[in-house]
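Dropping data-v1.cif in here (mmCIF, C-alpha atoms):
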```cif
data_start
#
loop_
_atom_site.label_atom_id
_atom_site.label_comp_id
_atom_site.auth_asym_id
_atom_site.auth_seq_id
_atom_site.Cartn_x
_atom_site.Cartn_y
_atom_site.Cartn_z
CA MET A 1 -56.59 132.15 110.78
CA LEU A 2 -59.38 129.57 110.84
CA TYR A 3 -62.42 129.82 113.06
CA LYS A 4 -65.91 128.34 113.30
CA ARG A 5 -69.02 130.32 112.62
CA GLY A 6 -72.67 129.39 112.30
CA GLY A 7 -72.24 125.97 113.89
CA ASP A 8 -69.52 123.70 112.60
CA ILE A 9 -68.65 125.59 109.40
CA TRP A 10 -65.05 126.78 109.14
CA TRP A 11 -64.22 130.32 108.03
CA TYR A 12 -60.84 131.84 107.27
CA LYS A 13 -59.66 135.39 107.93
CA PHE A 14 -56.43 137.08 106.87
CA ASN A 15 -55.17 140.43 105.66
CA HIS A 16 -54.15 141.06 102.06
CA LYS A 17 -52.64 144.44 101.12
CA GLY A 18 -54.39 146.17 103.99
CA LYS A 19 -57.79 144.59 103.34
CA ASP A 20 -59.36 141.94 105.54
CA ILE A 21 -60.44 138.80 103.71
CA ARG A 22 -63.11 136.92 105.62
CA GLU A 23 -64.86 134.08 103.77
CA SER A 24 -66.66 130.83 104.50
CA THR A 25 -65.17 127.53 103.35
CA ARG A 26 -68.61 125.87 103.56
CA THR A 27 -67.08 122.76 105.05
CA THR A 28 -66.89 121.21 108.49
CA SER A 29 -63.45 119.74 107.78
CA LYS A 30 -60.59 121.76 109.18
CA THR A 31 -58.14 120.08 106.81
CA LYS A 32 -60.18 121.07 103.75
CA ALA A 33 -60.61 124.59 105.14
CA ARG A 34 -56.85 124.99 105.59
CA VAL A 35 -56.22 123.95 101.98
CA MET A 36 -58.89 126.35 100.73
CA GLU A 37 -57.37 129.21 102.73
CA GLU A 38 -53.94 128.50 101.23
CA ASN A 39 -55.43 128.41 97.71
CA ARG A 40 -57.21 131.71 98.33
CA ARG A 41 -54.02 133.36 99.55
CA ARG A 42 -52.19 132.13 96.44
CA ASP A 43 -54.94 133.39 94.14
CA LEU A 44 -54.73 136.84 95.66
CA ARG A 45 -50.94 136.94 95.35
CA GLU A 46 -51.32 136.05 91.66
CA GLY A 47 -53.70 138.98 91.10
CA HIS A 48 -57.15 137.38 91.33
CA ILE A 49 -60.06 139.56 92.40
CA ILE A 50 -60.41 140.07 96.13
CA ASP A 51 -64.18 140.24 96.42
CA ASP A 52 -65.89 137.50 94.40
CA ARG A 53 -69.34 137.81 95.96
CA LYS A 54 -70.78 139.21 92.72
CA GLU A 55 -69.26 136.29 90.85
CA ARG A 56 -70.96 133.85 93.22
CA ASN A 57 -74.37 135.33 92.41
CA ARG A 58 -73.95 134.82 88.67
CA PHE A 59 -75.75 132.02 86.84
CA ILE A 60 -73.57 128.97 86.21
CA THR A 61 -74.57 128.82 82.55
CA ASP A 62 -73.46 132.44 82.04
CA VAL A 63 -70.11 131.82 83.71
CA VAL A 64 -69.37 128.78 81.55
CA THR A 65 -70.43 130.57 78.37
CA ASP A 66 -68.19 133.57 79.18
CA HIS A 67 -65.29 131.23 79.89
CA TYR A 68 -65.82 129.56 76.51
CA ARG A 69 -65.86 132.90 74.68
CA ALA A 70 -62.70 134.02 76.49
CA CYS A 71 -60.97 130.82 75.40
CA GLN A 72 -62.10 131.47 71.82
CA THR A 73 -60.58 134.95 71.92
CA LYS A 74 -57.27 133.56 73.17
CA GLY A 75 -57.36 130.72 70.67
CA LYS A 76 -57.61 128.11 73.43
CA SER A 77 -61.06 126.83 72.59
CA THR A 78 -61.20 123.15 71.75
CA LYS A 79 -63.67 121.17 69.69
CA TYR A 80 -64.77 119.36 72.83
CA MET A 81 -65.40 122.63 74.66
CA ARG A 82 -67.51 123.89 71.74
CA GLN A 83 -69.58 120.72 71.89
CA PHE A 84 -69.95 121.05 75.64
CA VAL A 85 -71.13 124.68 75.60
CA ASP A 86 -72.96 124.96 72.29
CA GLU A 87 -74.49 121.52 71.93
CA GLN A 88 -74.70 120.27 75.49
CA LYS A 89 -78.34 121.14 76.09
CA LEU A 90 -78.49 118.83 79.12
CA PHE A 91 -75.88 120.94 80.88
CA MET A 92 -77.82 124.15 80.27
CA LYS A 93 -81.06 122.49 81.35
CA HIS A 94 -79.60 120.92 84.49
CA PHE A 95 -77.94 124.10 85.75
CA ALA A 96 -80.53 126.57 84.44
CA GLY A 97 -81.44 129.10 87.12
CA LYS A 98 -78.69 127.94 89.48
CA THR A 99 -76.09 130.41 90.67
CA VAL A 100 -72.44 129.71 91.37
CA ASP A 101 -73.20 130.07 95.07
CA GLN A 102 -75.60 127.11 94.85
CA LEU A 103 -73.05 124.79 93.29
CA ASN A 104 -71.71 122.03 95.55
CA PRO A 105 -70.39 118.44 95.26
CA ASP A 106 -73.94 117.06 95.47
CA THR A 107 -75.07 119.22 92.53
CA ILE A 108 -72.13 118.07 90.43
CA ASP A 109 -72.72 114.46 91.44
CA ALA A 110 -76.38 114.69 90.37
CA TYR A 111 -75.35 115.99 86.94
CA GLU A 112 -72.73 113.26 86.50
CA THR A 113 -75.30 110.61 87.46
CA LEU A 114 -77.57 111.87 84.68
CA ARG A 115 -74.72 111.64 82.20
CA PHE A 116 -73.82 108.11 83.31
CA ASN A 117 -77.46 107.06 82.96
CA GLU A 118 -77.29 108.27 79.37
CA GLY A 119 -74.47 105.83 78.74
CA VAL A 120 -71.73 108.47 78.58
CA SER A 121 -68.22 107.22 79.37
CA ALA A 122 -66.38 108.17 82.55
CA ASN A 123 -63.72 109.93 80.47
CA THR A 124 -66.34 112.20 78.89
CA VAL A 125 -67.88 113.03 82.27
CA ALA A 126 -64.43 113.85 83.67
CA LYS A 127 -63.78 116.27 80.78
CA GLU A 128 -67.11 117.99 81.35
CA ARG A 129 -66.38 118.35 85.04
CA GLY A 130 -62.95 119.81 84.21
CA ILE A 131 -64.45 122.47 81.92
CA LEU A 132 -67.00 123.41 84.56
CA LEU A 133 -64.45 123.74 87.37
CA ARG A 134 -61.99 125.72 85.26
CA ALA A 135 -64.74 128.13 84.24
CA LEU A 136 -65.63 128.76 87.88
CA GLY A 137 -62.16 130.02 88.80
CA HIS A 138 -61.62 130.29 92.56
CA THR A 139 -64.94 128.58 93.32
CA GLY A 140 -63.95 125.74 90.99
CA LYS A 141 -60.68 125.28 92.87
CA ARG A 142 -62.58 125.07 96.14
CA LEU A 143 -64.97 122.50 94.69
CA ARG A 144 -62.06 120.52 93.28
CA VAL A 145 -60.58 120.26 96.78
CA GLU A 146 -63.91 119.05 98.17
CA LEU A 147 -64.46 116.56 95.35
CA THR A 148 -60.93 115.22 95.75
CA SER A 149 -61.44 114.77 99.49
CA ILE A 150 -64.71 112.93 98.87
CA LYS A 151 -63.03 110.70 96.30
CA VAL A 152 -60.25 109.83 98.75
CA GLU A 153 -62.77 109.06 101.49
CA GLU A 154 -64.82 106.90 99.12
CA SER A 155 -61.71 105.05 97.99
CA LEU A 156 -61.17 103.99 101.59
CA ILE A 157 -64.58 102.40 101.76
CA GLY A 158 -64.18 98.71 101.10
CA ARG A 159 -66.12 95.55 101.68
CA ALA A 160 -65.32 92.06 102.82
CA TYR A 161 -66.38 89.24 100.52
CA THR A 162 -68.50 86.54 102.13
CA ALA A 163 -67.34 82.94 102.29
CA ASP A 164 -69.74 82.04 99.48
CA GLU A 165 -68.45 84.90 97.31
CA GLN A 166 -64.88 83.80 97.89
CA ARG A 167 -65.75 80.25 96.85
CA ARG A 168 -67.49 81.47 93.69
CA MET A 169 -64.55 83.69 92.78
CA LEU A 170 -62.06 80.86 93.18
CA GLU A 171 -64.26 78.59 91.12
CA ALA A 172 -64.54 81.28 88.44
CA ALA A 173 -60.76 81.61 88.38
CA THR A 174 -60.58 77.97 87.29
CA ARG A 175 -62.67 76.60 84.46
CA VAL A 176 -63.43 72.92 84.84
CA THR A 177 -63.79 71.06 81.54
CA PRO A 178 -64.50 67.33 80.98
CA GLY A 179 -61.37 65.34 81.67
CA ARG A 180 -59.12 68.21 82.70
CA ARG A 181 -58.81 71.39 84.73
CA GLU A 182 -58.04 74.38 82.51
CA LYS A 183 -57.28 77.78 84.00
CA GLU A 184 -58.82 80.95 82.60
CA SER A 185 -55.52 82.62 83.44
CA PRO A 186 -52.32 80.88 84.61
CA LEU A 187 -51.78 83.59 87.21
CA ILE A 188 -55.06 85.02 88.44
CA GLU A 189 -56.11 82.10 90.65
CA PHE A 190 -52.78 82.15 92.48
CA ALA A 191 -52.89 85.95 92.80
CA LEU A 192 -56.43 85.69 94.20
CA ARG A 193 -55.31 83.18 96.83
CA LEU A 194 -52.40 85.45 97.79
CA GLN A 195 -54.81 88.29 98.49
CA LEU A 196 -57.38 86.21 100.37
CA ASN A 197 -54.83 84.28 102.47
CA GLY A 198 -51.95 86.73 102.81
CA GLY A 199 -53.44 90.20 102.49
CA PHE A 200 -50.80 91.31 99.98
CA ARG A 201 -51.28 94.52 98.05
CA ASP A 202 -51.58 94.39 94.28
CA GLY A 203 -48.18 96.02 93.75
CA GLU A 204 -46.54 93.64 96.23
CA ILE A 205 -47.89 90.66 94.30
CA ARG A 206 -46.90 91.88 90.85
CA SER A 207 -43.35 92.82 91.92
CA MET A 208 -42.72 89.63 93.95
CA ARG A 209 -39.55 87.69 93.10
CA TRP A 210 -38.71 84.11 94.01
CA LYS A 211 -35.86 85.24 96.28
CA GLN A 212 -38.55 86.66 98.58
CA VAL A 213 -40.27 83.27 98.92
CA ASP A 214 -38.97 80.64 101.37
CA LEU A 215 -40.75 77.42 100.43
CA LEU A 216 -39.04 75.49 103.24
CA LYS A 217 -39.89 77.84 106.12
CA HIS A 218 -43.18 78.84 104.46
CA ILE A 219 -42.53 82.58 104.70
CA VAL A 220 -42.85 85.40 102.17
CA GLN A 221 -40.82 88.56 102.67
CA VAL A 222 -42.41 91.60 101.08
CA GLY A 223 -40.12 93.87 99.08
CA LYS A 224 -40.80 97.55 98.60
CA ALA A 225 -44.33 98.30 99.78
CA LYS A 226 -46.69 101.25 99.79
CA THR A 227 -45.78 102.17 103.37
CA ARG A 228 -42.47 102.12 105.22
CA ALA A 229 -43.84 99.69 107.79
CA GLY A 230 -45.03 97.39 105.01
CA SER A 231 -41.66 97.14 103.28
CA GLY A 232 -39.64 94.08 104.26
CA ARG A 233 -42.32 92.56 106.46
CA ARG A 234 -42.48 88.76 106.73
CA VAL A 235 -45.77 87.01 106.06
CA PRO A 236 -46.19 83.36 107.12
CA MET A 237 -48.10 81.03 104.82
CA ASN A 238 -51.18 79.27 106.10
CA ALA A 239 -52.07 75.79 104.83
CA LYS A 240 -54.00 77.04 101.78
CA LEU A 241 -51.26 79.48 100.84
CA ARG A 242 -48.57 76.78 101.15
CA ILE A 243 -50.49 74.54 98.75
CA ALA A 244 -51.00 77.46 96.37
CA PHE A 245 -47.29 78.30 96.35
CA GLU A 246 -46.28 74.67 95.82
CA THR A 247 -48.74 74.29 92.94
CA HIS A 248 -47.58 77.52 91.33
CA ALA A 249 -43.90 76.61 91.79
CA ALA A 250 -44.50 73.25 90.07
CA TRP A 251 -46.19 75.00 87.14
CA TYR A 252 -43.39 77.58 87.02
CA ILE A 253 -40.65 74.91 86.83
CA SER A 254 -42.51 73.06 84.08
CA LYS A 255 -42.75 76.35 82.17
CA PHE A 256 -39.30 77.86 82.69
CA GLY A 257 -37.17 74.96 83.94
CA LYS A 258 -36.27 76.32 87.40
CA LEU A 259 -36.95 79.01 89.97
CA GLU A 260 -34.40 81.78 89.50
CA PRO A 261 -34.09 84.02 92.59
CA GLU A 262 -34.33 87.21 90.50
CA SER A 263 -37.23 85.97 88.38
CA PHE A 264 -40.67 87.36 89.00
CA VAL A 265 -43.25 85.05 90.56
CA PHE A 266 -45.83 86.50 88.15
CA PRO A 267 -44.11 86.65 84.74
CA PHE A 268 -45.03 89.13 82.02
CA GLY A 269 -46.82 88.17 78.83
CA ARG A 270 -49.48 85.85 77.49
CA PRO A 271 -49.76 82.16 78.48
CA PHE A 272 -47.64 80.97 75.56
CA GLU A 273 -45.22 83.92 75.44
CA MET A 274 -44.08 84.69 78.97
CA ASP A 275 -40.97 86.52 80.17
CA PRO A 276 -39.96 85.73 83.78
CA THR A 277 -37.49 88.64 83.80
CA ARG A 278 -40.38 91.11 83.64
CA PRO A 279 -43.37 91.40 86.02
CA VAL A 280 -47.01 91.17 85.01
CA THR A 281 -48.47 94.64 84.55
CA THR A 282 -52.08 94.18 85.65
CA PHE A 283 -54.74 91.66 86.71
CA LYS A 284 -57.58 93.95 85.62
CA THR A 285 -58.88 91.97 82.64
CA ALA A 286 -58.73 88.61 84.40
CA TRP A 287 -60.30 90.08 87.55
CA ASN A 288 -63.21 91.56 85.61
CA THR A 289 -63.81 88.16 84.02
CA ILE A 290 -63.84 86.49 87.43
CA LYS A 291 -66.32 89.00 88.85
CA ARG A 292 -68.63 88.60 85.90
CA ASN A 293 -68.56 84.80 85.98
CA ALA A 294 -68.90 84.65 89.77
CA GLY A 295 -71.67 87.24 89.93
CA VAL A 296 -69.73 89.31 92.46
CA GLU A 297 -69.45 93.09 92.78
CA GLY A 298 -66.38 94.68 94.31
CA ARG A 299 -62.78 95.75 93.83
CA TRP A 300 -59.60 93.72 93.49
CA HIS A 301 -58.32 95.49 96.61
CA ASP A 302 -61.36 94.23 98.54
CA CYS A 303 -59.74 90.78 98.57
CA ARG A 304 -57.05 92.21 100.86
CA HIS A 305 -59.79 93.97 102.80
CA THR A 306 -61.47 90.58 103.26
CA PHE A 307 -58.28 89.07 104.69
CA ILE A 308 -57.84 91.93 107.18
CA THR A 309 -61.49 91.85 108.25
CA GLU A 310 -61.45 88.09 108.85
CA CYS A 311 -58.21 88.37 110.85
CA LEU A 312 -59.89 90.89 113.14
CA GLU A 313 -63.02 88.76 113.44
CA SER A 314 -60.93 85.72 114.35
CA GLY A 315 -59.48 87.61 117.33
CA MET A 316 -56.06 88.69 116.00
CA SER A 317 -54.59 91.60 117.95
CA ALA A 318 -54.12 94.99 116.32
CA ALA A 319 -50.35 94.86 116.82
CA THR A 320 -50.05 91.47 115.14
CA LEU A 321 -52.27 92.57 112.27
CA LYS A 322 -50.18 95.70 111.69
CA SER A 323 -46.99 93.65 111.45
CA LEU A 324 -48.72 91.22 109.10
CA VAL A 325 -50.30 93.61 106.60
CA GLY A 326 -48.08 96.66 107.00
CA HIS A 327 -50.48 99.25 108.39
CA VAL A 328 -48.97 102.25 110.15
CA SER A 329 -52.05 104.43 110.57
CA GLN A 330 -54.52 103.87 113.38
CA ARG A 331 -57.11 105.56 111.20
CA MET A 332 -56.65 102.88 108.56
CA LEU A 333 -56.84 100.15 111.17
CA ASP A 334 -60.05 101.63 112.55
CA HIS A 335 -61.44 101.68 109.02
CA TYR A 336 -60.76 97.99 108.52
CA SER A 337 -62.00 97.04 111.97
CA HIS A 338 -65.59 98.06 111.19
CA ALA A 339 -66.43 94.36 111.22
CA ASN A 340 -65.91 94.39 114.99
CA ILE A 341 -68.70 96.92 115.50
CA GLU A 342 -71.38 94.27 115.93
CA ARG A 343 -69.20 92.36 118.37
CA ALA A 344 -68.66 95.58 120.31
CA ARG A 345 -72.39 96.25 120.19
CA ASP A 346 -73.05 92.83 121.71
CA GLY A 347 -70.52 93.67 124.40
CA VAL A 348 -72.16 96.91 125.48
CA GLU A 349 -75.60 95.31 125.33
CA ALA A 350 -74.32 92.55 127.61
CA LEU A 351 -73.17 95.21 130.08
CA ASP A 352 -76.73 95.89 131.19
CA ALA A 353 -77.38 92.20 131.75
CA TYR A 354 -74.15 91.95 133.74
CA ARG A 355 -75.13 94.88 135.96
CA GLU A 356 -78.58 93.40 136.49
CA ARG A 357 -77.06 90.11 137.61
CA GLU A 358 -74.71 91.92 139.99
CA LEU A 359 -77.62 93.85 141.50
CA GLN A 360 -79.55 90.63 141.98
CA LYS A 361 -76.55 89.07 143.73
CA PHE A 362 -76.25 92.11 145.99
CA ASP A 363 -79.95 92.13 146.86
CA LYS A 364 -79.82 88.42 147.60
CA SER A 365 -76.80 88.76 149.88
CA VAL A 366 -78.43 91.65 151.75
CA ALA A 367 -81.63 89.66 152.15
CA GLU A 368 -79.69 86.69 153.56
CA GLN A 369 -78.05 88.89 156.21
CA ILE A 370 -81.39 90.21 157.54
CA PRO A 371 -82.74 87.85 160.26
CA ALA A 372 -86.05 86.29 159.40
CA THR A 373 -89.04 87.77 161.30
CA ASP A 374 -90.79 85.33 163.73
CA THR A 375 -94.38 85.32 162.48
CA LYS A 376 -95.60 82.66 165.01
CA PRO A 377 -98.42 84.16 167.18
CA HIS A 378 -97.69 84.52 170.90
CA THR A 379 -100.00 82.92 173.52
CA VAL A 380 -100.91 84.56 176.85
CA ASN A 381 -100.86 82.37 179.93
#
```
What does the file become when written as structure tokens?
Amino acid sequence: MLYKRGGDIWWYKFNHKGKDIRESTRTTSKTKARVMEENRRRDLREGHIIDDRKERNRFITDVVTDHYRACQTKGKSTKYMRQFVDEQKLFMKHFAGKTVDQLNPDTIDAYETLRFNEGVSANTVAKERGILLRALGHTGKRLRVELTSIKVEESLIGRAYTADEQRRMLEAATRVTPGRREKESPLIEFALRLQLNGGFRDGEIRSMRWKQVDLLKHIVQVGKAKTRAGSGRRVPMNAKLRIAFETHAAWYISKFGKLEPESFVFPFGRPFEMDPTRPVTTFKTAWNTIKRNAGVEGRWHDCRHTFITECLESGMSAATLKSLVGHVSQRMLDHYSHANIERARDGVEALDAYRERELQKFDKSVAEQIPATDTKPHTVN
């Protein structure tokens, strides 16, 4: 069972082979706590120690060193692990004097920041984190759950590009040279316009076929999407998107002769060696070039985020937006609607002014109903 203790911290309690297990999850999230309880139950069924309080009081450096030696004995030690334990003086220095009980996502994040500042690659940092969490056993599994939850929450945090940033990105997607207009990539500018004007997901763009595009009715029908509600939805083209589709279709016909229904809108390959029967695999390289040339920071997915945010700011209803972009979760909709916070703030601030005006009207009406007092002095005959 889960219960709160010491404020908002969740604890779990259950019985294992006649012994009560009562431990803190050190988290305020009930979802995380439930996962940690299930992991703990599984560990105990698999024969892990029941009471790990002594383990929590051990120094982190000692735990990692013991794990390394155990791997050596079993023949599982790797060259990378030897470098991490024997030569990684920064690790020993950073965690010196810290016990397992003091380890938390913030501590790990601080260490990874130091490594990144040294110019170490993300792959190397991920390997180091993996060695550390494996060495910590049950505590490492708990931390992995917390770190994964934080990563998921951070991945939901997006930003909307400003109008100026959008203009710079579109300009960067097209290189203007004397006498002609030469594209950095034959596909990236069109893909960028699809995101900014249609809110399509990356996978929806890359897998799009011409049979899904109605150039006469100006509608795009999405194929298989990330969510059930997103699959098969119909997205109308605005004026900019219609022009973009017409321009791309003209280029496509000049390249391949015609628009085959089963052909992919974004063909695979390099500019001079393209295969319309296969979809493009990624926009990553072209997108990184655009960001660098435009001086913009953000993710490719933030282009879709921009579209959703601007739809909300323009007054589109939540129901219409869900049918347009394929959202099924109110939580996700609330996340994207953060742009409406300031508008809502203005609304609640205006409430006081409204009440003040109503009070003034009431006082005025009451004053008008009270007969005026005759202040003229009376004379005695």
Convert the output of the PyMOL selection byres ((chain A and resi 24) around 9) on the shown file into explicit residues, formatted as a compact mmCIF listing (two decimals) with C-alpha atoms, in the frame of the given file.
```
# COMPACT_ATOMS: atom_id res chain seq x y z
CA ARG A 5 -69.02 130.32 112.62
CA ILE A 9 -68.65 125.59 109.40
CA TRP A 10 -65.05 126.78 109.14
CA TRP A 11 -64.22 130.32 108.03
CA TYR A 12 -60.84 131.84 107.27
CA ARG A 22 -63.11 136.92 105.62
CA GLU A 23 -64.86 134.08 103.77
CA THR A 25 -65.17 127.53 103.35
CA ARG A 26 -68.61 125.87 103.56
CA THR A 27 -67.08 122.76 105.05
CA ALA A 33 -60.61 124.59 105.14
```
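The residues returned by the PyMOL selection byres ((chain A and resi 291) around 12) for this structure are Tyr161, Glu165, Gln166, Arg167, Arg168, Met169, Leu170, Glu171, Ala172, Ala173, Ile188, Leu192, Lys284, Thr285, Ala286, Trp287, Asn288, Thr289, Ile290, Arg292, Asn293, Ala294, Gly295, Val296, Glu297, Gly298, Arg299, Trp300 and Cys303 of chain A.
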Next, write the just-selected residues to a file, as a PDB file, in the frame of the given file, keeping C-alpha atoms as the atom set.
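part-v8.pdb, freshly written:
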```pdb
ATOM      1  CA  TYR A 161     -66.380  89.240 100.520  1.00  0.00           C
ATOM      2  CA  GLU A 165     -68.450  84.900  97.310  1.00  0.00           C
ATOM      3  CA  GLN A 166     -64.880  83.800  97.890  1.00  0.00           C
ATOM      4  CA  ARG A 167     -65.750  80.250  96.850  1.00  0.00           C
ATOM      5  CA  ARG A 168     -67.490  81.470  93.690  1.00  0.00           C
ATOM      6  CA  MET A 169     -64.550  83.690  92.780  1.00  0.00           C
ATOM      7  CA  LEU A 170     -62.060  80.860  93.180  1.00  0.00           C
ATOM      8  CA  GLU A 171     -64.260  78.590  91.120  1.00  0.00           C
ATOM      9  CA  ALA A 172     -64.540  81.280  88.440  1.00  0.00           C
ATOM     10  CA  ALA A 173     -60.760  81.610  88.380  1.00  0.00           C
ATOM     11  CA  ILE A 188     -55.060  85.020  88.440  1.00  0.00           C
ATOM     12  CA  LEU A 192     -56.430  85.690  94.200  1.00  0.00           C
ATOM     13  CA  LYS A 284     -57.580  93.950  85.620  1.00  0.00           C
ATOM     14  CA  THR A 285     -58.880  91.970  82.640  1.00  0.00           C
ATOM     15  CA  ALA A 286     -58.730  88.610  84.400  1.00  0.00           C
ATOM     16  CA  TRP A 287     -60.300  90.080  87.550  1.00  0.00           C
ATOM     17  CA  ASN A 288     -63.210  91.560  85.610  1.00  0.00           C
ATOM     18  CA  THR A 289     -63.810  88.160  84.020  1.00  0.00           C
ATOM     19  CA  ILE A 290     -63.840  86.490  87.430  1.00  0.00           C
ATOM     20  CA  ARG A 292     -68.630  88.600  85.900  1.00  0.00           C
ATOM     21  CA  ASN A 293     -68.560  84.800  85.980  1.00  0.00           C
ATOM     22  CA  ALA A 294     -68.900  84.650  89.770  1.00  0.00           C
ATOM     23  CA  GLY A 295     -71.670  87.240  89.930  1.00  0.00           C
ATOM     24  CA  VAL A 296     -69.730  89.310  92.460  1.00  0.00           C
ATOM     25  CA  GLU A 297     -69.450  93.090  92.780  1.00  0.00           C
ATOM     26  CA  GLY A 298     -66.380  94.680  94.310  1.00  0.00           C
ATOM     27  CA  ARG A 299     -62.780  95.750  93.830  1.00  0.00           C
ATOM     28  CA  TRP A 300     -59.600  93.720  93.490  1.00  0.00           C
ATOM     29  CA  CYS A 303     -59.740  90.780  98.570  1.00  0.00           C
TER      30      CYS A 303
END
```
Please, what is the axis-aligned box for every listed atom of segment 262-268 of chain A with 8 Å on each side, as centre and edge lengths in Å to one decimal, as AutoDock Vina command-line options?
```
--center_x -40.1 --center_y 87.1 --center_z 86.3 --size_x 27.5 --size_y 20.1 --size_z 24.5
```
Straight-line distance linking atom CA of Leu136 of chain A with atom CA of Ser121 of chain A, stated in Å to one decimal
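Separation of atom CA of Leu136 of chain A and atom CA of Ser121 of chain A: 23.3 Å.
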Nearest candidate to Cys311 of chain A (options A:Lys32, A:Val63, A:Ala70, A:Leu196; using only C-alpha atoms)
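Once distances to Cys311 of chain A are computed over only C-alpha atoms, the minimum belongs to A:Leu196.
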Pick from A:Lys93, A:His16, A:Arg242, A:Arg206 nearest to Val222 of chain A, counting only C-alpha atoms
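The answer is A:Arg206, which sits nearest to Val222 of chain A.
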Since fewer atoms than expected are present, regenerate N, CA and C atoms for segment 11-25 of chain A and write them as a PDB file, keeping the file's coordinate frame.
```pdb
ATOM      1  N   TRP A  11     -64.485 129.095 108.766  1.00  0.00           N
ATOM      2  CA  TRP A  11     -64.220 130.320 108.030  1.00  0.00           C
ATOM      3  C   TRP A  11     -62.731 130.626 108.132  1.00  0.00           C
ATOM      4  N   TYR A  12     -62.215 131.370 107.145  1.00  0.00           N
ATOM      5  CA  TYR A  12     -60.840 131.840 107.270  1.00  0.00           C
ATOM      6  C   TYR A  12     -60.819 133.374 107.221  1.00  0.00           C
ATOM      7  N   LYS A  13     -59.822 133.937 107.874  1.00  0.00           N
ATOM      8  CA  LYS A  13     -59.660 135.390 107.930  1.00  0.00           C
ATOM      9  C   LYS A  13     -58.179 135.714 107.865  1.00  0.00           C
ATOM     10  N   PHE A  14     -57.816 136.611 106.954  1.00  0.00           N
ATOM     11  CA  PHE A  14     -56.430 137.080 106.870  1.00  0.00           C
ATOM     12  C   PHE A  14     -56.417 138.437 106.191  1.00  0.00           C
ATOM     13  N   ASN A  15     -55.297 139.096 106.231  1.00  0.00           N
ATOM     14  CA  ASN A  15     -55.170 140.430 105.660  1.00  0.00           C
ATOM     15  C   ASN A  15     -54.343 140.375 104.385  1.00  0.00           C
ATOM     16  N   HIS A  16     -54.865 141.005 103.333  1.00  0.00           N
ATOM     17  CA  HIS A  16     -54.150 141.060 102.060  1.00  0.00           C
ATOM     18  C   HIS A  16     -54.084 142.505 101.584  1.00  0.00           C
ATOM     19  N   LYS A  17     -52.866 143.058 101.564  1.00  0.00           N
ATOM     20  CA  LYS A  17     -52.640 144.440 101.120  1.00  0.00           C
ATOM     21  C   LYS A  17     -53.532 145.431 101.846  1.00  0.00           C
ATOM     22  N   GLY A  18     -53.634 145.242 103.169  1.00  0.00           N
ATOM     23  CA  GLY A  18     -54.390 146.170 103.990  1.00  0.00           C
ATOM     24  C   GLY A  18     -55.878 145.921 104.035  1.00  0.00           C
ATOM     25  N   LYS A  19     -56.364 144.877 103.345  1.00  0.00           N
ATOM     26  CA  LYS A  19     -57.790 144.590 103.340  1.00  0.00           C
ATOM     27  C   LYS A  19     -58.050 143.233 103.977  1.00  0.00           C
ATOM     28  N   ASP A  20     -59.020 143.199 104.878  1.00  0.00           N
ATOM     29  CA  ASP A  20     -59.360 141.940 105.540  1.00  0.00           C
ATOM     30  C   ASP A  20     -60.164 141.051 104.599  1.00  0.00           C
ATOM     31  N   ILE A  21     -59.730 139.811 104.502  1.00  0.00           N
ATOM     32  CA  ILE A  21     -60.440 138.800 103.710  1.00  0.00           C
ATOM     33  C   ILE A  21     -61.077 137.831 104.689  1.00  0.00           C
ATOM     34  N   ARG A  22     -62.383 137.804 104.706  1.00  0.00           N
ATOM     35  CA  ARG A  22     -63.110 136.920 105.620  1.00  0.00           C
ATOM     36  C   ARG A  22     -64.162 136.166 104.797  1.00  0.00           C
ATOM     37  N   GLU A  23     -63.976 134.860 104.635  1.00  0.00           N
ATOM     38  CA  GLU A  23     -64.860 134.080 103.770  1.00  0.00           C
ATOM     39  C   GLU A  23     -65.136 132.707 104.370  1.00  0.00           C
ATOM     40  N   SER A  24     -66.280 132.161 104.039  1.00  0.00           N
ATOM     41  CA  SER A  24     -66.660 130.830 104.500  1.00  0.00           C
ATOM     42  C   SER A  24     -66.092 129.769 103.575  1.00  0.00           C
ATOM     43  N   THR A  25     -65.655 128.660 104.161  1.00  0.00           N
ATOM     44  CA  THR A  25     -65.170 127.530 103.350  1.00  0.00           C
ATOM     45  C   THR A  25     -66.307 126.552 103.042  1.00  0.00           C
TER      46      THR A  25
END
```
